[in-house]
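The file data35.csv contains CSV, C-alpha atoms and all ligand atoms:
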chain,number,residue,atom,x,y,z
G,1,MET,CA,9.6,-154.1,81.1
G,2,GLU,CA,7.8,-153.3,77.8
G,3,LYS,CA,9.4,-155.0,74.8
G,4,ARG,CA,11.1,-152.8,72.2
G,5,ILE,CA,10.5,-153.3,68.5
G,6,LEU,CA,12.2,-151.5,65.7
G,7,LEU,CA,10.0,-151.0,62.6
G,8,LEU,CA,12.1,-150.6,59.4
G,9,THR,CA,10.3,-149.5,56.3
G,10,THR,CA,11.4,-149.9,52.7
G,11,GLY,CA,8.3,-148.9,50.6
G,12,GLY,CA,6.2,-151.5,48.7
G,13,THR,CA,2.4,-151.6,48.2
G,14,ILE,CA,1.8,-151.5,51.9
G,15,ALA,CA,3.1,-147.9,51.9
G,16,SER,CA,1.8,-147.0,48.5
G,17,THR,CA,-0.6,-144.2,47.5
G,18,GLN,CA,-2.4,-143.7,44.2
G,19,THR,CA,-0.6,-141.4,41.8
G,20,GLU,CA,-1.6,-140.4,38.3
G,21,ARG,CA,0.8,-143.1,37.0
G,22,GLY,CA,-0.2,-145.9,39.3
G,23,LEU,CA,0.6,-147.0,42.8
G,24,ALA,CA,3.9,-145.7,44.2
G,25,PRO,CA,5.4,-145.9,47.7
G,26,GLY,CA,4.4,-142.5,49.2
G,27,LEU,CA,4.3,-143.3,52.9
G,28,GLY,CA,7.3,-143.2,55.3
G,29,ALA,CA,7.7,-145.0,58.6
G,30,GLU,CA,5.9,-142.4,60.7
G,31,ASP,CA,2.9,-142.3,58.3
G,32,LEU,CA,2.6,-146.1,58.5
G,33,LEU,CA,2.8,-146.1,62.2
G,34,GLU,CA,0.2,-143.3,62.5
G,35,THR,CA,-2.3,-145.5,60.5
G,36,LEU,CA,-1.6,-148.5,62.6
G,37,ARG,CA,-1.3,-147.3,66.2
G,38,ASP,CA,-4.7,-148.5,67.2
G,39,VAL,CA,-4.3,-152.0,65.8
G,40,LEU,CA,-0.9,-152.8,67.1
G,41,PRO,CA,-0.2,-154.9,70.3
G,42,PRO,CA,1.2,-152.8,73.2
G,43,CYS,CA,4.9,-152.4,73.0
G,44,SER,CA,7.5,-149.6,72.6
G,45,LEU,CA,7.9,-149.2,68.9
G,46,ASP,CA,10.5,-147.0,67.1
G,47,THR,CA,10.6,-146.5,63.3
G,48,ARG,CA,13.3,-146.0,60.7
G,49,GLU,CA,12.8,-145.4,57.0
G,50,VAL,CA,15.5,-147.3,55.3
G,51,CYS,CA,14.3,-146.5,51.7
G,52,ARG,CA,11.1,-145.8,49.9
G,53,LEU,CA,11.1,-148.1,46.9
G,54,ASP,CA,8.8,-150.3,44.9
G,55,SER,CA,10.6,-153.6,45.7
G,56,THR,CA,11.2,-154.1,42.0
G,57,ASN,CA,14.0,-151.5,42.5
G,58,MET,CA,15.6,-153.2,45.5
G,59,THR,CA,19.2,-154.4,45.0
G,60,CYS,CA,22.0,-155.9,47.1
G,61,GLN,CA,22.8,-152.4,48.4
G,62,GLU,CA,19.4,-152.2,50.2
G,63,TRP,CA,19.9,-155.7,51.6
G,64,LEU,CA,23.2,-154.7,53.0
G,65,LEU,CA,21.7,-151.5,54.3
G,66,LEU,CA,19.0,-153.4,56.2
G,67,ALA,CA,21.5,-155.8,57.7
G,68,ARG,CA,23.7,-152.8,58.8
G,69,GLU,CA,20.7,-151.0,60.4
G,70,ILE,CA,19.8,-154.2,62.3
G,71,ARG,CA,23.4,-154.8,63.4
G,72,GLN,CA,23.6,-151.2,64.7
G,73,ALA,CA,20.3,-151.4,66.6
G,74,TYR,CA,20.6,-155.1,67.6
G,75,GLU,CA,21.3,-154.6,71.3
G,76,ALA,CA,18.7,-151.9,71.8
G,77,TYR,CA,15.7,-153.9,70.6
G,78,ASP,CA,14.0,-157.2,71.3
G,79,GLY,CA,12.8,-157.7,67.7
G,80,PHE,CA,12.7,-156.2,64.2
G,81,VAL,CA,9.8,-155.8,61.7
G,82,ILE,CA,10.6,-154.8,58.1
G,83,THR,CA,7.8,-153.7,55.8
G,84,HIS,CA,8.6,-154.5,52.2
G,85,GLY,CA,7.1,-154.8,48.7
G,86,THR,CA,5.9,-158.3,48.0
G,87,ASP,CA,7.5,-158.7,44.6
G,88,THR,CA,11.1,-159.2,45.9
G,89,MET,CA,10.4,-159.9,49.5
G,90,ALA,CA,11.5,-163.5,49.3
G,91,TYR,CA,14.9,-162.4,47.9
G,92,THR,CA,15.4,-159.9,50.7
G,93,ALA,CA,14.3,-162.4,53.3
G,94,SER,CA,16.8,-165.0,51.9
G,95,ALA,CA,19.6,-162.4,51.7
G,96,LEU,CA,19.0,-161.3,55.3
G,97,SER,CA,19.1,-165.0,56.4
G,98,TYR,CA,22.6,-165.2,55.2
G,99,LEU,CA,23.7,-161.7,56.2
G,100,ILE,CA,22.4,-162.2,59.8
G,101,GLN,CA,22.9,-165.7,61.0
G,102,ASN,CA,22.1,-167.2,64.5
G,103,SER,CA,19.9,-164.3,65.5
G,104,GLY,CA,18.2,-165.1,68.8
G,105,LYS,CA,16.0,-162.1,68.1
G,106,PRO,CA,13.2,-162.2,65.5
G,107,ILE,CA,13.5,-160.3,62.2
G,108,VAL,CA,10.1,-160.4,60.6
G,109,LEU,CA,9.4,-159.2,57.0
G,110,THR,CA,5.9,-158.3,56.0
G,111,GLY,CA,4.0,-156.3,53.4
G,112,ALA,CA,0.6,-156.3,51.7
G,113,GLN,CA,-1.3,-156.9,48.5
G,114,LYS,CA,-3.4,-153.8,49.1
G,115,PRO,CA,-2.1,-150.4,50.3
G,116,ILE,CA,-2.7,-149.5,53.9
G,117,HIS,CA,-5.0,-146.6,53.1
G,118,MET,CA,-7.5,-148.7,51.2
G,119,GLU,CA,-10.7,-149.6,53.1
G,120,ILE,CA,-10.3,-153.3,52.4
G,121,THR,CA,-6.7,-154.2,52.9
G,122,ASP,CA,-4.5,-157.0,54.3
G,123,ALA,CA,-1.9,-154.4,55.4
G,124,LYS,CA,-3.2,-153.9,58.9
G,125,SER,CA,-3.6,-157.5,59.8
G,126,ASN,CA,-0.2,-158.4,58.3
G,127,LEU,CA,1.6,-155.7,60.2
G,128,ARG,CA,-0.2,-156.4,63.4
G,129,ASP,CA,0.6,-160.1,63.2
G,130,ALA,CA,4.2,-159.3,62.4
G,131,VAL,CA,4.6,-157.1,65.5
G,132,LEU,CA,2.8,-159.7,67.6
G,133,TYR,CA,5.1,-162.5,66.3
G,134,ALA,CA,8.2,-160.3,66.9
G,135,LEU,CA,7.1,-159.8,70.5
G,136,GLU,CA,6.8,-163.5,71.3
G,137,GLU,CA,9.5,-165.0,73.5
G,138,GLN,CA,10.2,-168.0,71.2
G,139,SER,CA,10.5,-166.1,68.0
G,140,ALA,CA,14.0,-165.9,66.5
G,141,GLY,CA,15.8,-165.5,63.1
G,142,VAL,CA,14.6,-164.2,59.8
G,143,GLN,CA,11.1,-165.0,58.5
G,144,ILE,CA,8.3,-163.6,56.4
G,145,LEU,CA,4.9,-163.2,58.0
G,146,PHE,CA,2.1,-163.0,55.4
G,147,ASN,CA,-1.6,-163.8,55.6
G,148,GLY,CA,-1.2,-165.5,59.0
G,149,GLN,CA,1.6,-167.8,57.8
G,150,VAL,CA,5.2,-167.5,59.2
G,151,ILE,CA,7.7,-168.8,56.6
G,152,ALA,CA,11.4,-169.2,57.2
G,153,GLY,CA,13.3,-166.5,55.3
G,154,THR,CA,15.1,-169.0,53.1
G,155,ARG,CA,11.9,-171.0,52.2
G,156,ALA,CA,9.5,-168.3,51.0
G,157,LYS,CA,8.4,-167.7,47.5
G,158,LYS,CA,5.8,-165.3,46.1
G,159,ILE,CA,3.3,-167.6,44.3
G,160,LYS,CA,0.3,-165.3,43.7
G,161,SER,CA,0.1,-161.8,42.1
G,162,PHE,CA,-3.1,-160.5,43.6
G,163,SER,CA,-4.5,-162.8,46.3
G,164,TYR,CA,-3.8,-162.3,50.0
G,165,ASP,CA,-2.2,-165.7,50.4
G,166,ALA,CA,0.7,-164.5,48.2
G,167,PHE,CA,3.5,-166.6,49.7
G,168,SER,CA,4.2,-170.2,50.1
G,169,SER,CA,6.8,-172.1,52.1
G,170,ILE,CA,8.7,-174.3,49.7
G,171,ASN,CA,9.8,-177.8,50.6
G,172,TYR,CA,9.5,-177.1,54.3
G,173,PRO,CA,6.5,-176.5,56.5
G,174,PRO,CA,5.6,-173.0,57.7
G,175,LEU,CA,7.2,-172.3,61.0
G,176,ALA,CA,3.9,-171.1,62.6
G,177,VAL,CA,0.6,-169.6,61.9
G,178,VAL,CA,-1.0,-166.6,63.5
G,179,GLN,CA,-4.8,-166.8,63.9
G,180,ASP,CA,-6.9,-164.2,65.7
G,181,GLY,CA,-3.8,-163.0,67.6
G,182,ARG,CA,-2.8,-166.5,68.7
G,183,ILE,CA,0.5,-168.0,67.5
G,184,LEU,CA,0.5,-171.7,66.7
G,185,ARG,CA,4.0,-173.0,66.2
G,186,TYR,CA,4.7,-176.0,63.9
G,187,ILE,CA,8.4,-175.7,64.3
G,188,PRO,CA,9.8,-174.8,67.8
G,189,GLY,CA,11.6,-171.5,67.8
G,190,ARG,CA,15.4,-171.8,67.9
G,191,LYS,CA,17.0,-169.6,70.5
G,192,GLU,CA,20.6,-169.4,69.4
G,193,LYS,CA,23.1,-169.4,72.2
G,194,ALA,CA,26.1,-168.3,70.3
G,195,GLY,CA,24.7,-164.9,69.4
G,196,PRO,CA,24.3,-163.3,66.0
G,197,VAL,CA,26.9,-163.3,63.2
G,198,PHE,CA,26.6,-160.3,60.8
G,199,TYR,CA,28.2,-160.2,57.3
G,200,GLU,CA,28.8,-157.1,55.3
G,201,LYS,CA,29.6,-158.3,51.8
G,202,LEU,CA,27.8,-159.9,48.9
G,203,ASN,CA,29.0,-160.6,45.4
G,204,PRO,CA,26.2,-159.7,43.1
G,205,LYS,CA,27.7,-161.4,40.1
G,206,VAL,CA,25.3,-164.4,40.2
G,207,PHE,CA,23.2,-165.1,37.1
G,208,LEU,CA,20.1,-167.1,36.8
G,209,LEU,CA,19.7,-168.8,33.4
G,210,LYS,CA,16.4,-170.3,32.6
G,211,LEU,CA,16.4,-173.1,30.1
G,212,THR,CA,13.7,-173.2,27.4
G,213,PRO,CA,13.3,-176.0,24.8
G,214,GLY,CA,15.7,-175.4,22.0
G,215,ILE,CA,17.5,-172.5,23.8
G,216,ARG,CA,20.4,-170.9,21.9
G,217,THR,CA,23.9,-170.7,23.4
G,218,GLU,CA,25.4,-167.6,21.7
G,219,LEU,CA,25.1,-165.5,24.9
G,220,LEU,CA,26.7,-168.0,27.2
G,221,GLU,CA,30.2,-166.7,26.7
G,222,ALA,CA,29.2,-163.2,27.6
G,223,VAL,CA,27.3,-164.5,30.7
G,224,PHE,CA,30.4,-166.4,31.9
G,225,GLN,CA,32.6,-163.3,31.4
G,226,ALA,CA,30.2,-161.1,33.3
G,227,TYR,CA,29.3,-163.4,36.2
G,228,ASP,CA,31.2,-165.5,38.7
G,229,CYS,CA,28.3,-168.0,39.2
G,230,VAL,CA,25.6,-169.2,36.8
G,231,ILE,CA,22.6,-171.0,38.3
G,232,VAL,CA,20.9,-173.1,35.5
G,233,GLU,CA,17.2,-173.3,36.1
G,234,SER,CA,16.8,-176.7,34.4
G,235,PHE,CA,13.4,-178.3,33.4
G,236,GLY,CA,12.8,-181.0,36.0
G,237,VAL,CA,15.0,-182.8,38.4
G,238,GLY,CA,18.0,-181.4,36.3
G,239,GLY,CA,19.9,-181.8,33.1
G,240,ILE,CA,21.4,-179.8,30.3
G,241,PRO,CA,20.4,-180.2,26.6
G,242,ASP,CA,23.0,-181.9,24.5
G,243,SER,CA,23.1,-178.9,22.3
G,244,MET,CA,24.3,-176.7,25.2
G,245,ALA,CA,26.5,-179.2,27.0
G,246,GLU,CA,29.5,-178.9,24.6
G,247,ASP,CA,29.5,-175.1,24.6
G,248,LEU,CA,29.3,-175.1,28.4
G,249,PHE,CA,32.1,-177.6,28.7
G,250,ARG,CA,34.3,-175.6,26.4
G,251,LEU,CA,33.6,-172.3,28.3
G,252,LEU,CA,34.0,-173.8,31.8
G,253,SER,CA,37.3,-175.4,30.9
G,254,ARG,CA,38.8,-171.9,30.5
G,255,TYR,CA,38.5,-171.3,34.2
G,256,ARG,CA,39.6,-172.8,37.4
G,257,PRO,CA,36.6,-174.6,39.2
G,258,GLU,CA,36.5,-171.9,42.0
G,259,GLU,CA,36.5,-169.1,39.4
G,260,LYS,CA,33.2,-169.9,37.8
G,261,ILE,CA,30.6,-171.8,39.7
G,262,LEU,CA,27.8,-173.7,38.0
G,263,VAL,CA,24.7,-174.5,40.1
G,264,MET,CA,22.0,-176.8,38.7
G,265,ALA,CA,18.5,-175.9,39.9
G,266,THR,CA,15.0,-176.6,38.7
G,267,GLN,CA,12.2,-174.4,37.4
G,268,VAL,CA,9.7,-176.7,39.1
G,269,THR,CA,8.6,-175.1,42.4
G,270,TYR,CA,8.2,-178.0,44.6
G,271,GLU,CA,10.3,-181.1,45.5
G,272,GLY,CA,13.7,-179.8,44.3
G,273,SER,CA,16.3,-181.2,41.9
G,274,ASN,CA,18.5,-184.3,41.6
G,275,VAL,CA,20.9,-184.2,38.7
G,276,GLY,CA,21.7,-187.9,39.1
G,277,VAL,CA,18.3,-189.3,38.0
G,278,TYR,CA,18.6,-189.0,34.2
G,279,GLU,CA,21.4,-189.5,31.7
G,280,VAL,CA,21.2,-185.8,30.6
G,281,GLY,CA,22.0,-184.9,34.2
G,282,GLN,CA,24.5,-187.6,35.1
G,283,ARG,CA,26.6,-186.8,32.0
G,284,ILE,CA,27.1,-183.2,33.0
G,285,ARG,CA,27.9,-184.2,36.6
G,286,GLU,CA,30.7,-186.4,35.3
G,287,ARG,CA,32.2,-183.6,33.2
G,288,PHE,CA,31.8,-180.5,35.5
G,289,ARG,CA,32.3,-179.8,39.1
G,290,LEU,CA,29.0,-178.4,39.9
G,291,LEU,CA,26.7,-177.7,42.8
G,292,GLU,CA,23.0,-178.8,43.0
G,293,ALA,CA,20.2,-176.7,44.5
G,294,ARG,CA,18.4,-179.8,45.7
G,295,ASP,CA,15.6,-178.7,48.0
G,296,MET,CA,16.6,-175.0,48.2
G,297,THR,CA,14.5,-172.2,46.6
G,298,LEU,CA,16.0,-170.3,43.7
G,299,GLU,CA,15.9,-167.2,45.9
G,300,ALA,CA,17.9,-169.0,48.6
G,301,VAL,CA,20.4,-170.4,46.1
G,302,LEU,CA,21.0,-167.0,44.5
G,303,THR,CA,21.5,-165.1,47.7
G,304,LYS,CA,23.5,-167.9,49.3
G,305,MET,CA,25.9,-167.9,46.4
G,306,MET,CA,26.1,-164.1,46.6
G,307,TRP,CA,27.0,-164.4,50.3
G,308,ILE,CA,29.5,-167.3,49.8
G,309,LEU,CA,31.2,-165.6,46.9
G,310,GLY,CA,31.5,-162.4,49.0
G,311,LEU,CA,33.6,-164.3,51.5
G,312,GLY,CA,36.5,-164.7,49.0
G,313,LEU,CA,37.1,-168.4,49.6
G,314,GLN,CA,40.0,-169.9,47.7
G,315,SER,CA,38.9,-173.4,46.7
G,316,PHE,CA,35.9,-175.1,45.1
G,317,GLY,CA,35.9,-177.5,48.0
G,318,GLU,CA,35.3,-174.7,50.6
G,319,ILE,CA,32.6,-173.2,48.5
G,320,GLU,CA,30.9,-176.5,48.1
G,321,LYS,CA,31.1,-177.3,51.8
G,322,LEU,CA,29.4,-174.0,52.7
G,323,PHE,CA,26.8,-174.2,50.0
G,324,TYR,CA,25.5,-177.6,51.3
G,325,GLN,CA,25.7,-176.4,55.0
G,326,GLN,CA,22.2,-175.8,56.4
G,327,ILE,CA,21.7,-172.2,57.3
G,328,GLY,CA,18.3,-170.9,58.6
G,329,TYR,CA,16.4,-174.0,57.5
G,330,ASP,CA,17.4,-173.5,53.8
G,331,THR,CA,18.1,-177.2,53.1
G,332,MET,CA,17.3,-180.5,54.8
G,333,LEU,CA,19.3,-182.7,52.4
W,1,LIG,N1,5.4,-153.8,43.2
W,1,LIG,C1,5.1,-153.8,44.7
W,1,LIG,C2,6.4,-154.0,45.4
W,1,LIG,O1,7.0,-155.1,45.4
W,1,LIG,C3,4.2,-155.0,45.0
W,1,LIG,C4,3.9,-155.2,46.4
W,1,LIG,O2,4.4,-154.6,47.3
W,1,LIG,O3,3.0,-156.0,46.7
W,1,LIG,O4,6.9,-153.1,45.9
Once more with this new file: its structure as C-alpha cells, please.
Ligand code: ASP
Amino acid sequence: MEKRILLLTTGGTIASTQTERGLAPGLGAEDLLETLRDVLPPCSLDTREVCRLDSTNMTCQEWLLLAREIRQAYEAYDGFVITHGTDTMAYTASALSYLIQNSGKPIVLTGAQKPIHMEITDAKSNLRDAVLYALEEQSAGVQILFNGQVIAGTRAKKIKSFSYDAFSSINYPPLAVVQDGRILRYIPGRKEKAGPVFYEKLNPKVFLLKLTPGIRTELLEAVFQAYDCVIVESFGVGGIPDSMAEDLFRLLSRYRPEEKILVMATQVTYEGSNVGVYEVGQRIRERFRLLEARDMTLEAVLTKMMWILGLGLQSFGEIEKLFYQQIGYDTML
C-alpha cells in the first residue's frame, strides 16, 4: 500500500513571497504542494497549515500545537514532514523531541534559505529529501533534514545565515545524509517498540543569560523573580565571575533548590561544558546545587528544561535525574 505522509506547514522563508516590506510567509500548505508535486517521490500526501509565521514569531504555543496535530494524526500516517523557518527550527526540533518521545514514525523538519518561488532555491531539494527520508522504513523520531544532512532534533543548530549548509549537528554525528535520492545512514534508525509518548505541557519560564566580560548583576534579581530556571551561558568550559557569584548565591539562597534551577552551559558551540575544570567553576559547584549542560546544545537544554518544569516534579533530585537522562540522542555523557 502507498505510504501516507502528512505535511504540516508553519511558514518561514520556504513559503515566503516578496512584499514591499521584505520577505513574508505568503504561501499555505496547498500552494507549497502545488509547486512541488512534480519533484516529490510517489506517496499519498495530505497537508495541513498549522500557522503561517516567520519563525522569529514562533513560541511554545506553536510547538504544542504541532505536537497536538501529530498526536491526533499519528495513527493515520506513516510519517510527518514539517516545513519551518530556519531561524528557530532548531528550537522547534528540540522541543518536539521532548514533546513526542519514542516515536517509531519519522517527524522531519525542513525549510530553505531561499523561497520556493525563486528560480535558484534549496527549497525543492530540501522538501523532496525530507519526504523521501520520511518514507524510508528505518526512519524514526524527530530530526531536521537540511542540505542533504539529517540531524537529530536535539543536536541541530543554525550556524550560517545565508548559505545552504545552514545547520550543523553539534557534538554528535549527523544521523544520515541524502545524496541524489539515496539515503546513507551513519546511525542506524531506532524503531521504538514501546510506542510514542506525547506530552502536552511546557513551562516557558526558562531564561538564557549570556555572560560578557564585566557583566553587571543589577537585573539578576528581576530575572530570578520572573523565571523558574536560568541557564548561564558561560565563557568556556564553565564558571561564574567572582563579581557575580556573591549576588547569585544571595539570590538563590532565598529559594528551595527545586524552585529555581541554575544550569551552567557554554557559549562555545562545540565540545560542551565541564564546570569542574577551573577554580571559578568548582567554587560555584560547591556552593549551589546546579545542573550542567555538558554536551547538550543550548536549544536542547532550554526546551528540555521547559518540558521537565512542565511536569511539576517536586524535588531537585527528580529534576536532576531527568535532565541527565538521554532523550532522542541529546546527551552521550
Ligand atoms: N526569518 C525566516 C524564518 O525563520 C528565515 C528562514 O526561514 O530561513 O522564518
Q: Could I get the residue neighbourhood of ligand LIG 1 (chain W) at 6 Å, counting all atoms listed in the file, as number ranges by chain?
A: G: 12-13, 54-56, 85-88, 112-113
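With all atoms listed in the file as the basis for measurement, G:Tyr91 is the residue among G:Gly281, G:Leu333, G:Pro257, G:Tyr91 that approaches G:Met306 most closely.
Comparing the minimum interatomic distances between G:Arg37 and each of G:Gly310, G:Arg128, G:Pro204, G:Val268, counting all atoms listed in the file, we find that G:Arg128 sits nearest.
Using only C-alpha atoms, the nearest neighbour of G:Leu45 within the list G:Tyr77, G:Trp63, G:Phe288, G:Phe207 is G:Tyr77.
Shortest separation to G:Thr154 among G:Asp295, G:Glu69, G:Glu318, G:Asp38 occurs at residue G:Asp295, atoms counted being all atoms listed in the file.
Of the listed residues G:Pro196, G:Gly236, G:Gly141, G:Gly189, the one whose atoms come nearest to G:Thr212 is G:Gly236, with distances taken using only C-alpha atoms.
With distances taken over all atoms listed in the file, G:Glu200 is the one residue among G:Glu200, G:Thr331, G:Leu132, G:Pro188 lying closest to G:Ile100.
Residues with any atom within 10 Å of the point (4.8, -164.8, 44.2), counting all atoms listed in the file, are Thr86, Asp87, Thr88, Met89, Ala90, Ala156, Lys157, Lys158, Ile159, Lys160, Ser161, Phe162, Ser163, Asp165, Ala166, Phe167 and Ser168 of chain G.
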Export C-alpha atoms of the chosen residues as a PDB file, in the coordinates of the input?
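Listed below is the output, part_23.pdb:
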ATOM      1  CA  THR G  86       5.900-158.300  48.000  1.00  0.00           C
ATOM      2  CA  ASP G  87       7.500-158.700  44.600  1.00  0.00           C
ATOM      3  CA  THR G  88      11.100-159.200  45.900  1.00  0.00           C
ATOM      4  CA  MET G  89      10.400-159.900  49.500  1.00  0.00           C
ATOM      5  CA  ALA G  90      11.500-163.500  49.300  1.00  0.00           C
ATOM      6  CA  ALA G 156       9.500-168.300  51.000  1.00  0.00           C
ATOM      7  CA  LYS G 157       8.400-167.700  47.500  1.00  0.00           C
ATOM      8  CA  LYS G 158       5.800-165.300  46.100  1.00  0.00           C
ATOM      9  CA  ILE G 159       3.300-167.600  44.300  1.00  0.00           C
ATOM     10  CA  LYS G 160       0.300-165.300  43.700  1.00  0.00           C
ATOM     11  CA  SER G 161       0.100-161.800  42.100  1.00  0.00           C
ATOM     12  CA  PHE G 162      -3.100-160.500  43.600  1.00  0.00           C
ATOM     13  CA  SER G 163      -4.500-162.800  46.300  1.00  0.00           C
ATOM     14  CA  ASP G 165      -2.200-165.700  50.400  1.00  0.00           C
ATOM     15  CA  ALA G 166       0.700-164.500  48.200  1.00  0.00           C
ATOM     16  CA  PHE G 167       3.500-166.600  49.700  1.00  0.00           C
ATOM     17  CA  SER G 168       4.200-170.200  50.100  1.00  0.00           C
TER      18      SER G 168
END
Q | Expected residue set, 9 Å radius at (5.6, -174.9, 49.9), all atoms listed in the file, as a list of chain:residue names | A | G:Arg155, G:Ala156, G:Lys157, G:Phe167, G:Ser168, G:Ser169, G:Ile170, G:Asn171, G:Tyr172, G:Pro173, G:Pro174, G:Thr269, G:Tyr270, G:Glu271
Please list as a short mmCIF file (atom, residue, chain, number, x, y, z; two decimals) with C-alpha atoms, in the coordinates of the input every residue within 8 Å of G:Lys260, counting all atoms listed in the file and excluding residues in the same chain fewer than 6 positions away.
data_model
loop_
_atom_site.label_atom_id
_atom_site.label_comp_id
_atom_site.auth_asym_id
_atom_site.auth_seq_id
_atom_site.Cartn_x
_atom_site.Cartn_y
_atom_site.Cartn_z
CA PHE G 224 30.40 -166.40 31.90
CA TYR G 227 29.30 -163.40 36.20
CA ASP G 228 31.20 -165.50 38.70
CA CYS G 229 28.30 -168.00 39.20
CA VAL G 230 25.60 -169.20 36.80
CA LEU G 252 34.00 -173.80 31.80
#
What lies within 12 Å of G:Tyr199 using all atoms listed in the file, ignoring chain neighbours under 4 positions off, as a PDB file with C-alpha atoms, keeping the file's coordinate frame?
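Done, and the output landed in part_34.pdb:
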ATOM      1  CA  TRP G  63      19.900-155.700  51.600  1.00  0.00           C
ATOM      2  CA  LEU G  64      23.200-154.700  53.000  1.00  0.00           C
ATOM      3  CA  LEU G  65      21.700-151.500  54.300  1.00  0.00           C
ATOM      4  CA  LEU G  66      19.000-153.400  56.200  1.00  0.00           C
ATOM      5  CA  ALA G  67      21.500-155.800  57.700  1.00  0.00           C
ATOM      6  CA  ARG G  68      23.700-152.800  58.800  1.00  0.00           C
ATOM      7  CA  ILE G  70      19.800-154.200  62.300  1.00  0.00           C
ATOM      8  CA  ARG G  71      23.400-154.800  63.400  1.00  0.00           C
ATOM      9  CA  ALA G  95      19.600-162.400  51.700  1.00  0.00           C
ATOM     10  CA  LEU G  96      19.000-161.300  55.300  1.00  0.00           C
ATOM     11  CA  SER G  97      19.100-165.000  56.400  1.00  0.00           C
ATOM     12  CA  TYR G  98      22.600-165.200  55.200  1.00  0.00           C
ATOM     13  CA  LEU G  99      23.700-161.700  56.200  1.00  0.00           C
ATOM     14  CA  ILE G 100      22.400-162.200  59.800  1.00  0.00           C
ATOM     15  CA  GLN G 101      22.900-165.700  61.000  1.00  0.00           C
ATOM     16  CA  ASN G 102      22.100-167.200  64.500  1.00  0.00           C
ATOM     17  CA  ASN G 203      29.000-160.600  45.400  1.00  0.00           C
ATOM     18  CA  MET G 306      26.100-164.100  46.600  1.00  0.00           C
ATOM     19  CA  TRP G 307      27.000-164.400  50.300  1.00  0.00           C
ATOM     20  CA  ILE G 308      29.500-167.300  49.800  1.00  0.00           C
ATOM     21  CA  GLY G 310      31.500-162.400  49.000  1.00  0.00           C
ATOM     22  CA  LEU G 311      33.600-164.300  51.500  1.00  0.00           C
TER      23      LEU G 311
END
Q: Have a look at atom CA of G:Arg289 and atom CA of G:Lys321 and let me know their distance in Å, one decimal.
A: 13.0 Å
**Q.** Atomic distance atom CA of G:Arg48 - atom CA of G:Ile82, expressed in Å with one decimal
**A.** 9.6 Å
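You will find atom CA of G:Ala140 at 4.9 Å from atom CA of G:Gly104.
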Q. Could you name the residues that touch G:Val50 at 7 Å or less, counting all atoms listed in the file, but leaving out those on the same chain fewer than 5 positions away, as number ranges by chain?
A. G: 8-10
Considering only C-alpha atoms, return as an mmCIF file with C-alpha atoms, in the coordinates of the input whatever protein or nucleic-acid residues lie within 10 Å of G:Gln179, sequence-local ones (same chain, fewer than 5 positions apart) excluded.
data_model
loop_
_atom_site.group_PDB
_atom_site.id
_atom_site.type_symbol
_atom_site.label_atom_id
_atom_site.label_comp_id
_atom_site.auth_asym_id
_atom_site.auth_seq_id
_atom_site.Cartn_x
_atom_site.Cartn_y
_atom_site.Cartn_z
ATOM 1 C CA ASP G 129 0.600 -160.100 63.200
ATOM 2 C CA ASN G 147 -1.600 -163.800 55.600
ATOM 3 C CA GLY G 148 -1.200 -165.500 59.000
ATOM 4 C CA GLN G 149 1.600 -167.800 57.800
ATOM 5 C CA LEU G 184 0.500 -171.700 66.700
#
Output, as JSON, the centre and edge lengths in Å (one decimal) of the axis-aligned box that contains all listed atoms of stretch 84-89 of chain G with 5 Å of margin on each side.
{"center_x": 8.5, "center_y": -157.2, "center_z": 48.4, "size_x": 15.2, "size_y": 15.4, "size_z": 17.6}
Q: Find the spatial neighbours of G:Met118, counting only C-alpha atoms, within a cut-off of 12 Å - ignore same-chain residues fewer than 6 positions away - and output them as a PyMOL selection string.
A: chain G and resi 13-18+23+35+112+124
